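**Student:** mmCIF, C-alpha atoms, file protein.cif:
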data_my_file
#
loop_
_atom_site.group_PDB
_atom_site.id
_atom_site.type_symbol
_atom_site.label_atom_id
_atom_site.label_comp_id
_atom_site.auth_asym_id
_atom_site.auth_seq_id
_atom_site.Cartn_x
_atom_site.Cartn_y
_atom_site.Cartn_z
ATOM 1 C CA MET A 1 170.834 269.475 18.824
ATOM 2 C CA LEU A 2 169.262 268.672 15.467
ATOM 3 C CA LEU A 3 167.911 265.260 14.498
ATOM 4 C CA ALA A 4 168.028 264.843 10.716
ATOM 5 C CA VAL A 5 166.078 262.012 9.087
ATOM 6 C CA ASP A 6 166.776 261.028 5.469
ATOM 7 C CA ALA A 7 164.190 258.440 4.406
ATOM 8 C CA GLY A 8 165.078 256.839 1.095
ATOM 9 C CA ASN A 9 163.573 253.939 -0.778
ATOM 10 C CA THR A 10 166.096 251.465 0.652
ATOM 11 C CA ASN A 11 167.238 252.893 4.006
ATOM 12 C CA VAL A 12 166.273 255.529 6.556
ATOM 13 C CA VAL A 13 169.295 257.408 7.906
ATOM 14 C CA PHE A 14 169.106 259.185 11.264
ATOM 15 C CA ALA A 15 171.830 261.618 12.300
ATOM 16 C CA VAL A 16 172.365 264.066 15.168
ATOM 17 C CA HIS A 17 174.209 267.369 14.717
ATOM 18 C CA ASP A 18 175.296 269.413 17.728
ATOM 19 C CA GLY A 19 175.802 272.687 15.848
ATOM 20 C CA ALA A 20 179.460 271.973 15.148
ATOM 21 C CA GLU A 21 179.629 268.375 13.952
ATOM 22 C CA TRP A 22 177.675 265.207 13.350
ATOM 23 C CA ARG A 23 177.618 263.216 16.583
ATOM 24 C CA GLY A 24 176.195 259.999 15.178
ATOM 25 C CA ARG A 25 174.694 258.410 12.081
ATOM 26 C CA TRP A 26 172.532 255.294 12.039
ATOM 27 C CA ARG A 27 170.578 253.540 9.278
ATOM 28 C CA ILE A 28 167.727 251.077 9.183
ATOM 29 C CA ALA A 29 165.923 249.403 6.284
ATOM 30 C CA THR A 30 162.966 251.414 4.974
ATOM 31 C CA ARG A 31 159.619 249.874 5.822
ATOM 32 C CA ALA A 32 156.514 251.971 5.437
ATOM 33 C CA ASP A 33 154.695 249.997 8.156
ATOM 34 C CA ARG A 34 157.412 250.457 10.802
ATOM 35 C CA THR A 35 155.786 252.241 13.762
ATOM 36 C CA SER A 36 157.126 255.273 15.594
ATOM 37 C CA ASP A 37 157.631 253.126 18.702
ATOM 38 C CA GLU A 38 159.724 250.630 16.731
ATOM 39 C CA TYR A 39 161.892 253.462 15.449
ATOM 40 C CA ALA A 40 162.193 254.839 18.976
ATOM 41 C CA VAL A 41 163.326 251.595 20.626
ATOM 42 C CA TRP A 42 166.042 251.175 18.004
ATOM 43 C CA LEU A 43 167.134 254.817 17.717
ATOM 44 C CA LEU A 44 167.174 255.697 21.403
ATOM 45 C CA THR A 45 169.305 252.634 22.157
ATOM 46 C CA LEU A 46 171.876 253.735 19.591
ATOM 47 C CA MET A 47 171.790 257.333 20.790
ATOM 48 C CA THR A 48 172.397 256.200 24.372
ATOM 49 C CA HIS A 49 175.336 254.114 23.198
ATOM 50 C CA ALA A 50 176.750 257.296 21.607
ATOM 51 C CA GLY A 51 176.255 259.278 24.835
ATOM 52 C CA LEU A 52 173.284 261.265 23.552
ATOM 53 C CA LYS A 53 169.951 261.872 25.285
ATOM 54 C CA PRO A 54 166.573 262.506 23.612
ATOM 55 C CA ALA A 55 166.153 265.691 25.656
ATOM 56 C CA GLN A 56 169.211 267.163 23.916
ATOM 57 C CA VAL A 57 167.361 267.110 20.584
ATOM 58 C CA THR A 58 165.510 270.408 20.178
ATOM 59 C CA ARG A 59 164.795 270.326 16.432
ATOM 60 C CA CYS A 60 163.928 267.649 13.881
ATOM 61 C CA VAL A 61 163.989 267.778 10.087
ATOM 62 C CA ILE A 62 162.763 265.047 7.742
ATOM 63 C CA GLY A 63 163.432 264.498 4.064
ATOM 64 C CA THR A 64 161.662 261.550 2.484
ATOM 65 C CA VAL A 65 160.892 260.120 -0.933
ATOM 66 C CA VAL A 66 158.602 257.512 0.660
ATOM 67 C CA PRO A 67 155.338 259.306 1.496
ATOM 68 C CA ALA A 68 153.923 256.277 3.340
ATOM 69 C CA ALA A 69 156.815 256.412 5.839
ATOM 70 C CA LEU A 70 156.256 260.061 6.779
ATOM 71 C CA TYR A 71 153.417 259.554 9.260
ATOM 72 C CA ASN A 72 155.387 257.355 11.647
ATOM 73 C CA LEU A 73 158.582 259.386 11.294
ATOM 74 C CA ARG A 74 156.620 262.507 12.210
ATOM 75 C CA ARG A 75 155.067 260.695 15.182
ATOM 76 C CA LEU A 76 158.562 259.680 16.307
ATOM 77 C CA CYS A 77 159.632 263.331 16.441
ATOM 78 C CA ARG A 78 156.474 264.460 18.216
ATOM 79 C CA ASP A 79 156.133 261.642 20.751
ATOM 80 C CA TRP A 80 159.750 260.862 21.602
ATOM 81 C CA PHE A 81 161.547 264.180 21.035
ATOM 82 C CA GLY A 82 158.718 266.609 21.799
ATOM 83 C CA THR A 83 159.155 268.636 18.637
ATOM 84 C CA GLU A 84 157.206 269.201 15.434
ATOM 85 C CA PRO A 85 159.537 268.275 12.559
ATOM 86 C CA LEU A 86 160.299 270.421 9.548
ATOM 87 C CA ILE A 87 159.438 268.464 6.391
ATOM 88 C CA ALA A 88 161.593 269.079 3.310
ATOM 89 C CA ARG A 89 159.209 270.303 0.581
ATOM 90 C CA SER A 90 159.512 272.532 -2.436
ATOM 91 C CA ILE A 91 157.441 275.284 -0.777
ATOM 92 C CA LEU A 92 160.100 275.970 1.869
ATOM 93 C CA ASP A 93 162.825 278.622 1.678
ATOM 94 C CA TRP A 94 165.664 276.839 -0.114
ATOM 95 C CA GLY A 95 167.670 279.928 -0.911
ATOM 96 C CA PHE A 96 167.491 279.163 -4.637
ATOM 97 C CA ARG A 97 164.940 278.912 -7.432
ATOM 98 C CA ILE A 98 163.611 275.502 -8.442
ATOM 99 C CA MET A 99 163.538 276.028 -12.203
ATOM 100 C CA VAL A 100 161.474 273.039 -13.340
ATOM 101 C CA ASP A 101 157.906 272.761 -14.605
ATOM 102 C CA ARG A 102 156.482 271.112 -11.461
ATOM 103 C CA PRO A 103 158.683 271.811 -8.413
ATOM 104 C CA GLN A 104 156.388 269.784 -6.148
ATOM 105 C CA GLU A 105 157.341 266.624 -8.057
ATOM 106 C CA VAL A 106 161.085 266.929 -7.412
ATOM 107 C CA GLY A 107 162.277 264.456 -4.782
ATOM 108 C CA ALA A 108 163.349 266.053 -1.525
ATOM 109 C CA ASP A 109 166.698 264.248 -1.701
ATOM 110 C CA ARG A 110 167.523 265.904 -5.014
ATOM 111 C CA LEU A 111 166.839 269.402 -3.691
ATOM 112 C CA LEU A 112 168.769 268.654 -0.490
ATOM 113 C CA ASN A 113 171.747 267.448 -2.522
ATOM 114 C CA ALA A 114 171.613 270.601 -4.644
ATOM 115 C CA LEU A 115 171.476 272.842 -1.564
ATOM 116 C CA ALA A 116 174.432 271.226 0.193
ATOM 117 C CA ALA A 117 176.565 270.752 -2.917
ATOM 118 C CA HIS A 118 176.376 274.414 -3.916
ATOM 119 C CA HIS A 119 176.976 275.516 -0.310
ATOM 120 C CA HIS A 120 180.148 273.444 0.016
ATOM 121 C CA TYR A 121 181.523 273.368 -3.535
ATOM 122 C CA GLY A 122 180.049 276.325 -5.393
ATOM 123 C CA GLY A 123 178.674 276.062 -8.894
ATOM 124 C CA PRO A 124 177.851 275.283 -11.571
ATOM 125 C CA LEU A 125 177.869 271.585 -10.786
ATOM 126 C CA ILE A 126 176.194 268.217 -11.188
ATOM 127 C CA VAL A 127 175.347 266.014 -8.216
ATOM 128 C CA VAL A 128 175.283 262.289 -8.997
ATOM 129 C CA ASP A 129 173.513 260.248 -6.310
ATOM 130 C CA PHE A 130 173.954 256.468 -6.447
ATOM 131 C CA GLY A 131 170.868 255.380 -4.545
ATOM 132 C CA THR A 132 167.930 253.126 -5.370
ATOM 133 C CA ALA A 133 167.810 255.289 -8.489
ATOM 134 C CA THR A 134 170.873 256.985 -9.958
ATOM 135 C CA THR A 135 170.078 260.685 -10.193
ATOM 136 C CA PHE A 136 171.886 263.559 -11.906
ATOM 137 C CA ASP A 137 170.965 267.036 -10.642
ATOM 138 C CA VAL A 138 172.177 270.264 -12.192
ATOM 139 C CA VAL A 139 172.864 273.451 -10.246
ATOM 140 C CA ASP A 140 173.883 276.732 -11.837
ATOM 141 C CA LYS A 141 176.530 279.146 -10.578
ATOM 142 C CA ASP A 142 173.974 280.966 -8.400
ATOM 143 C CA GLY A 143 172.717 277.751 -6.801
ATOM 144 C CA ASN A 144 169.457 277.506 -8.746
ATOM 145 C CA TYR A 145 168.161 273.998 -9.388
ATOM 146 C CA LEU A 146 167.803 273.346 -13.124
ATOM 147 C CA GLY A 147 166.567 269.744 -13.204
ATOM 148 C CA GLY A 148 168.426 266.609 -14.196
ATOM 149 C CA ALA A 149 168.132 262.947 -15.109
ATOM 150 C CA ILE A 150 166.987 259.757 -13.374
ATOM 151 C CA ALA A 151 168.243 256.273 -14.252
ATOM 152 C CA PRO A 152 167.732 252.879 -12.588
ATOM 153 C CA GLY A 153 170.073 252.296 -9.678
ATOM 154 C CA ILE A 154 172.874 249.757 -9.940
ATOM 155 C CA ASN A 155 171.340 247.277 -7.515
ATOM 156 C CA LEU A 156 167.989 247.535 -9.294
ATOM 157 C CA SER A 157 169.691 246.694 -12.572
ATOM 158 C CA ILE A 158 171.490 243.701 -11.052
ATOM 159 C CA GLU A 159 168.259 242.381 -9.558
ATOM 160 C CA ALA A 160 166.333 242.878 -12.801
ATOM 161 C CA LEU A 161 169.032 241.043 -14.751
ATOM 162 C CA HIS A 162 168.929 238.110 -12.332
ATOM 163 C CA ARG A 163 165.137 237.888 -12.332
ATOM 164 C CA ALA A 164 164.603 238.249 -16.058
ATOM 165 C CA ALA A 165 167.343 235.880 -17.257
ATOM 166 C CA ALA A 166 166.992 232.355 -15.874
ATOM 167 C CA ARG A 167 170.683 231.439 -16.118
ATOM 168 C CA LEU A 168 172.173 234.674 -14.796
ATOM 169 C CA PRO A 169 172.999 234.629 -11.062
ATOM 170 C CA ARG A 170 172.586 237.440 -8.567
ATOM 171 C CA ILE A 171 176.000 239.111 -8.235
ATOM 172 C CA GLY A 172 177.688 241.691 -6.073
ATOM 173 C CA ILE A 173 178.958 244.912 -7.592
ATOM 174 C CA GLY A 174 182.710 245.349 -7.826
ATOM 175 C CA ARG A 175 185.333 246.756 -10.153
ATOM 176 C CA PRO A 176 186.249 243.979 -12.613
ATOM 177 C CA GLN A 177 189.865 243.258 -13.435
ATOM 178 C CA ALA A 178 189.145 243.383 -17.169
ATOM 179 C CA ALA A 179 186.409 244.586 -19.508
ATOM 180 C CA ILE A 180 186.328 241.177 -21.217
ATOM 181 C CA GLY A 181 184.774 238.743 -18.752
ATOM 182 C CA ARG A 182 186.021 235.136 -18.948
ATOM 183 C CA ASP A 183 183.004 233.659 -17.181
ATOM 184 C CA THR A 184 179.385 234.613 -16.541
ATOM 185 C CA VAL A 185 179.958 236.433 -13.249
ATOM 186 C CA SER A 186 182.936 238.462 -14.462
ATOM 187 C CA ALA A 187 181.074 239.300 -17.686
ATOM 188 C CA MET A 188 178.097 240.559 -15.655
ATOM 189 C CA GLN A 189 180.363 242.555 -13.333
ATOM 190 C CA SER A 190 182.040 244.148 -16.346
ATOM 191 C CA GLY A 191 178.736 245.032 -17.948
ATOM 192 C CA ILE A 192 177.324 246.538 -14.771
ATOM 193 C CA PHE A 193 180.437 248.433 -13.658
ATOM 194 C CA TRP A 194 181.644 249.742 -17.005
ATOM 195 C CA GLY A 195 178.076 250.194 -18.180
ATOM 196 C CA TYR A 196 177.424 252.589 -15.309
ATOM 197 C CA VAL A 197 180.736 254.350 -15.840
ATOM 198 C CA GLY A 198 179.625 254.879 -19.446
ATOM 199 C CA LEU A 199 176.237 256.081 -18.212
ATOM 200 C CA ILE A 200 177.910 258.646 -15.942
ATOM 201 C CA GLU A 201 180.299 259.894 -18.596
ATOM 202 C CA GLY A 202 177.643 260.000 -21.309
ATOM 203 C CA ILE A 203 175.021 261.889 -19.313
ATOM 204 C CA VAL A 204 177.557 264.308 -17.815
ATOM 205 C CA ALA A 205 178.917 265.059 -21.297
ATOM 206 C CA ARG A 206 175.430 265.742 -22.642
ATOM 207 C CA ILE A 207 174.526 267.961 -19.667
ATOM 208 C CA ARG A 208 177.746 269.946 -20.061
ATOM 209 C CA ALA A 209 177.062 270.442 -23.781
ATOM 210 C CA GLU A 210 173.433 271.419 -23.213
ATOM 211 C CA ALA A 211 174.311 273.816 -20.386
ATOM 212 C CA GLU A 212 177.267 275.192 -22.363
ATOM 213 C CA ALA A 213 179.391 274.689 -19.262
ATOM 214 C CA PRO A 214 182.310 272.360 -20.057
ATOM 215 C CA ARG A 215 183.810 272.902 -16.596
ATOM 216 C CA LEU A 216 180.677 271.855 -14.732
ATOM 217 C CA LYS A 217 181.962 270.173 -11.543
ATOM 218 C CA VAL A 218 180.759 266.673 -10.634
ATOM 219 C CA VAL A 219 180.052 265.710 -7.021
ATOM 220 C CA ALA A 220 178.987 262.160 -6.173
ATOM 221 C CA THR A 221 177.180 260.710 -3.174
ATOM 222 C CA GLY A 222 175.520 257.451 -2.199
ATOM 223 C CA GLY A 223 176.927 254.151 -1.009
ATOM 224 C CA LEU A 224 178.456 253.147 -4.348
ATOM 225 C CA ALA A 225 179.957 256.563 -5.136
ATOM 226 C CA PRO A 226 183.521 255.662 -3.992
ATOM 227 C CA LEU A 227 183.520 252.513 -6.135
ATOM 228 C CA LEU A 228 182.214 254.230 -9.292
ATOM 229 C CA ALA A 229 184.616 257.151 -8.766
ATOM 230 C CA GLU A 230 187.466 254.677 -9.267
ATOM 231 C CA GLY A 231 186.271 254.110 -12.828
ATOM 232 C CA THR A 232 186.053 257.681 -14.093
ATOM 233 C CA ALA A 233 188.036 260.881 -13.686
ATOM 234 C CA LEU A 234 184.843 262.918 -14.169
ATOM 235 C CA ILE A 235 183.860 262.534 -10.504
ATOM 236 C CA GLU A 236 185.900 265.191 -8.723
ATOM 237 C CA THR A 237 184.473 264.871 -5.218
ATOM 238 C CA VAL A 238 182.787 262.087 -3.241
ATOM 239 C CA ASP A 239 180.692 263.350 -0.321
ATOM 240 C CA PRO A 240 178.759 260.672 1.613
ATOM 241 C CA ASP A 241 177.013 263.198 3.883
ATOM 242 C CA ILE A 242 175.654 265.581 1.281
ATOM 243 C CA THR A 243 171.947 264.771 1.837
ATOM 244 C CA LEU A 244 172.286 265.068 5.612
ATOM 245 C CA GLU A 245 174.113 268.356 5.134
ATOM 246 C CA GLY A 246 171.225 269.527 2.986
ATOM 247 C CA LEU A 247 168.801 268.731 5.803
ATOM 248 C CA ARG A 248 170.966 270.653 8.271
ATOM 249 C CA LEU A 249 171.192 273.690 5.985
ATOM 250 C CA LEU A 250 167.466 273.605 5.226
ATOM 251 C CA ALA A 251 166.657 273.540 8.944
ATOM 252 C CA GLY A 252 168.916 276.543 9.404
ATOM 253 C CA ARG A 253 166.985 278.524 6.776
ATOM 254 C CA ASN A 254 163.464 277.704 7.980
ATOM 255 C CA PRO A 255 161.745 278.047 11.367
ATOM 256 C CA SER A 256 160.462 274.946 13.099
ATOM 257 C CA PRO A 257 156.727 274.325 12.646
ATOM 258 C CA THR A 258 154.854 275.440 15.741
ATOM 259 C CA SER A 259 151.810 273.229 15.391
ATOM 260 C CA PRO A 260 150.830 269.952 13.779
ATOM 261 C CA ALA A 261 147.640 271.558 12.503
ATOM 262 C CA GLY A 262 147.027 270.889 8.855
ATOM 263 C CA THR A 263 149.575 268.064 8.619
ATOM 264 C CA THR A 264 148.967 264.418 7.887
#
Please express what this file holds, its structure, as structure tokens.

**Tutor:**
Amino acid sequence: MLLAVDAGNTNVVFAVHDGAEWRGRWRIATRADRTSDEYAVWLLTLMTHAGLKPAQVTRCVIGTVVPAALYNLRRLCRDWFGTEPLIARSILDWGFRIMVDRPQEVGADRLLNALAAHHHYGGPLIVVDFGTATTFDVVDKDGNYLGGAIAPGINLSIEALHRAAARLPRIGIGRPQAAIGRDTVSAMQSGIFWGYVGLIEGIVARIRAEAEAPRLKVVATGGLAPLLAEGTALIETVDPDITLEGLRLLAGRNPSPTSPAGTT
């Protein structure tokens, strides 16, 4: 079985794939100082509850945008699963060209999303990921990664609004009943929700015009993707597992590392 680890800025997602399907998915808050033993106590308990044993895991793959978390995640794979993990980096065999000026600067999650989206949905397409940041990644018809756009995530915007304006409360995100808010909370919810719908539609329109591809498909992922998809017809597909699928596909294209030599 394959253990896939997707370490984002907010959460770390662990998932086990048996070659045919995902057998379990678990998430924990990202903390760079969390030790490999802490991960192990938590993860192995959940795996046992799902009827899985550590010995069944024969490969590990890690994708992270939090460099400080990598050391302990790697130690988890080595010490508790007896395997050297494959780390998602631009230098691996992705099966496509990374057509940006500095490929090493592209977040692993963005390349993983591009890999899985083209594999499952073809191209050309845009992947919109509603994470800590909201990212737009463009893939051509052959699967090549062309770049994209990065905007502040919805929760970041809500928190910034609350912190910077003394009289504005911290709110939850939801689809407002009307664009015209009749009180402070509903006005904030309208601004956040419809503001991000406008962001999606505006950036997608500009990408389509620039790429001269008016039929560029739009695939969305991330926890808030289903909610935002309610507000715009541009989002054709919502796929919550696209980053994990990218890790699975990347592991299938690249051999497992045989030695920790030269790693940090």

**Student:** For Ile242 in chain A, which residue out of A:Asn113, A:Gln56, A:Thr64, A:Ser186 is the nearest one, using only C-alpha atoms?

**Tutor:**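 The shortest atom-to-atom distance to Ile242 in chain A comes from A:Asn113.
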
**Student:** Applying the PyMOL selection byres ((chain A and resi 196-198) around 8) to the file I just gave you, which residues come out? Please list them as a list in words.

**Tutor:** Ile154, Ile192, Phe193, Trp194, Gly195, Leu199, Ile200, Glu201, Gly202, Leu228, Gly231 and Thr232 of chain A

**Student:** Determine the residue set returned by the PyMOL selection byres ((chain A and resi 131-135) around 9) for the present structure, and present it as a list of chain:residue names.

**Tutor:**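 Selection result, ordered by chain and number: A:Gly8, A:Asn9, A:Thr10, A:Arg110, A:Val127, A:Val128, A:Asp129, A:Phe130, A:Phe136, A:Asp137, A:Gly148, A:Ala149, A:Ile150, A:Ala151, A:Pro152, A:Gly153, A:Ile154, A:Asn155, A:Leu156, A:Thr221, A:Gly222, A:Gly223, A:Leu224.
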
**Student:** Contacts of Leu112 in chain A at 9 Å or less, counting all atoms listed in the file, minus same-chain residues fewer than 2 places along, as a PDB file with C-alpha atoms, in the coordinates of the input?

**Tutor:**
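Generated output (part.pdb):
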ATOM      1  CA  GLY A  63     163.432 264.498   4.064  1.00  0.00           C
ATOM      2  CA  ALA A  88     161.593 269.079   3.310  1.00  0.00           C
ATOM      3  CA  TRP A  94     165.664 276.839  -0.114  1.00  0.00           C
ATOM      4  CA  GLY A 107     162.277 264.456  -4.782  1.00  0.00           C
ATOM      5  CA  ALA A 108     163.349 266.053  -1.525  1.00  0.00           C
ATOM      6  CA  ASP A 109     166.698 264.248  -1.701  1.00  0.00           C
ATOM      7  CA  ARG A 110     167.523 265.904  -5.014  1.00  0.00           C
ATOM      8  CA  ALA A 114     171.613 270.601  -4.644  1.00  0.00           C
ATOM      9  CA  LEU A 115     171.476 272.842  -1.564  1.00  0.00           C
ATOM     10  CA  ALA A 116     174.432 271.226   0.193  1.00  0.00           C
ATOM     11  CA  ALA A 117     176.565 270.752  -2.917  1.00  0.00           C
ATOM     12  CA  ILE A 242     175.654 265.581   1.281  1.00  0.00           C
ATOM     13  CA  THR A 243     171.947 264.771   1.837  1.00  0.00           C
ATOM     14  CA  LEU A 244     172.286 265.068   5.612  1.00  0.00           C
ATOM     15  CA  GLU A 245     174.113 268.356   5.134  1.00  0.00           C
ATOM     16  CA  GLY A 246     171.225 269.527   2.986  1.00  0.00           C
ATOM     17  CA  LEU A 247     168.801 268.731   5.803  1.00  0.00           C
ATOM     18  CA  LEU A 249     171.192 273.690   5.985  1.00  0.00           C
ATOM     19  CA  LEU A 250     167.466 273.605   5.226  1.00  0.00           C
TER      20      LEU A 250
END

**Student:** How many Å separate CA of Pro214 in chain A from CA of Met99 in chain A?

**Tutor:**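 About the pair CA of Pro214 in chain A and CA of Met99 in chain A: they are 20.7 Å apart.
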
**Student:** Written as a PyMOL selection string, what is the full residue list that the PyMOL selection byres ((chain A and resi 142) around 10) yields on the file shown?

**Tutor:** chain A and resi 95-97+118+122-124+139-141+143-145

**Student:** Store the residues picked out above, limited to C-alpha atoms, as a compact mmCIF listing (two decimals), in the frame of the given file.

**Tutor:**
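Dumped to result-v8.txt:
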# COMPACT_ATOMS: atom_id res chain seq x y z
CA GLY A 95 167.67 279.93 -0.91
CA PHE A 96 167.49 279.16 -4.64
CA ARG A 97 164.94 278.91 -7.43
CA HIS A 118 176.38 274.41 -3.92
CA GLY A 122 180.05 276.32 -5.39
CA GLY A 123 178.67 276.06 -8.89
CA PRO A 124 177.85 275.28 -11.57
CA VAL A 139 172.86 273.45 -10.25
CA ASP A 140 173.88 276.73 -11.84
CA LYS A 141 176.53 279.15 -10.58
CA GLY A 143 172.72 277.75 -6.80
CA ASN A 144 169.46 277.51 -8.75
CA TYR A 145 168.16 274.00 -9.39

**Student:** Pick the closest to Leu44 in chain A from A:Lys217, A:Leu76, A:Gly19, A:Asp183: which is it, counting only C-alpha atoms?

**Tutor:**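 Smallest distance to Leu44 in chain A is found for A:Leu76.
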
**Student:** If I take CA of Ile62 in chain A and CA of Pro85 in chain A, how far is one from the other in Å, to one decimal?

**Tutor:** 6.6 Å

**Student:** In Å, how far is it from CA of Val204 in chain A to CA of Val238 in chain A?

**Tutor:**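 Pair CA of Val204 in chain A / CA of Val238 in chain A returns 15.6 Å.
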
**Student:** For Leu52 in chain A, please output as a list in words all residues within 12 Å (counting only C-alpha atoms; exclusion window: fewer than 2 positions along the same chain).

**Tutor:**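 Result of the neighbour search: Met1, Leu2, Leu3, Ala15, Val16, His17, Asp18, Trp22, Arg23, Gly24, Arg25, Leu43, Leu44, Thr45, Leu46, Met47, Thr48, His49, Ala50, Pro54, Ala55, Gln56 and Val57 of chain A.
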
**Student:** When you count all atoms listed in the file, which of these residues is closest to Ala4 in chain A: A:Arg182, A:Arg215, A:Arg167, A:Arg27?

**Tutor:**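 Among the listed residues, the smallest separation from Ala4 in chain A belongs to A:Arg27.
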
**Student:** Could you check the closest approach to Thr237 in chain A for each of A:His120, A:Arg34, A:Lys53, A:Arg59 and tell me which residue wins, using only C-alpha atoms?

**Tutor:**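 Using only C-alpha atoms, the shortest distance to Thr237 in chain A belongs to A:His120.
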
**Student:** Determine the axis-aligned bounding box of all atoms of range 214-227 of chain A present in the file, pad each side by 3 Å, and express its centre and edge lengths in Å to one decimal place as lines of an AutoDock Vina configuration file.

**Tutor:**
center_x = 179.7
center_y = 262.7
center_z = -10.5
size_x = 14.3
size_y = 26.4
size_z = 25.0

**Student:** For a quick check of understanding, using all atoms listed in the file, which of A:Thr30, A:Ser36, A:Thr58, A:Thr184 has the smallest distance to Val12 in chain A?

**Tutor:**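 The answer is A:Thr30, which sits nearest to Val12 in chain A.
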
**Student:** Closest to His162 in chain A among A:Val185, A:Ile28, A:Ala178, A:Leu146, using all atoms listed in the file?

**Tutor:**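 Among A:Val185, A:Ile28, A:Ala178, A:Leu146, it is A:Val185 that comes nearest to His162 in chain A.
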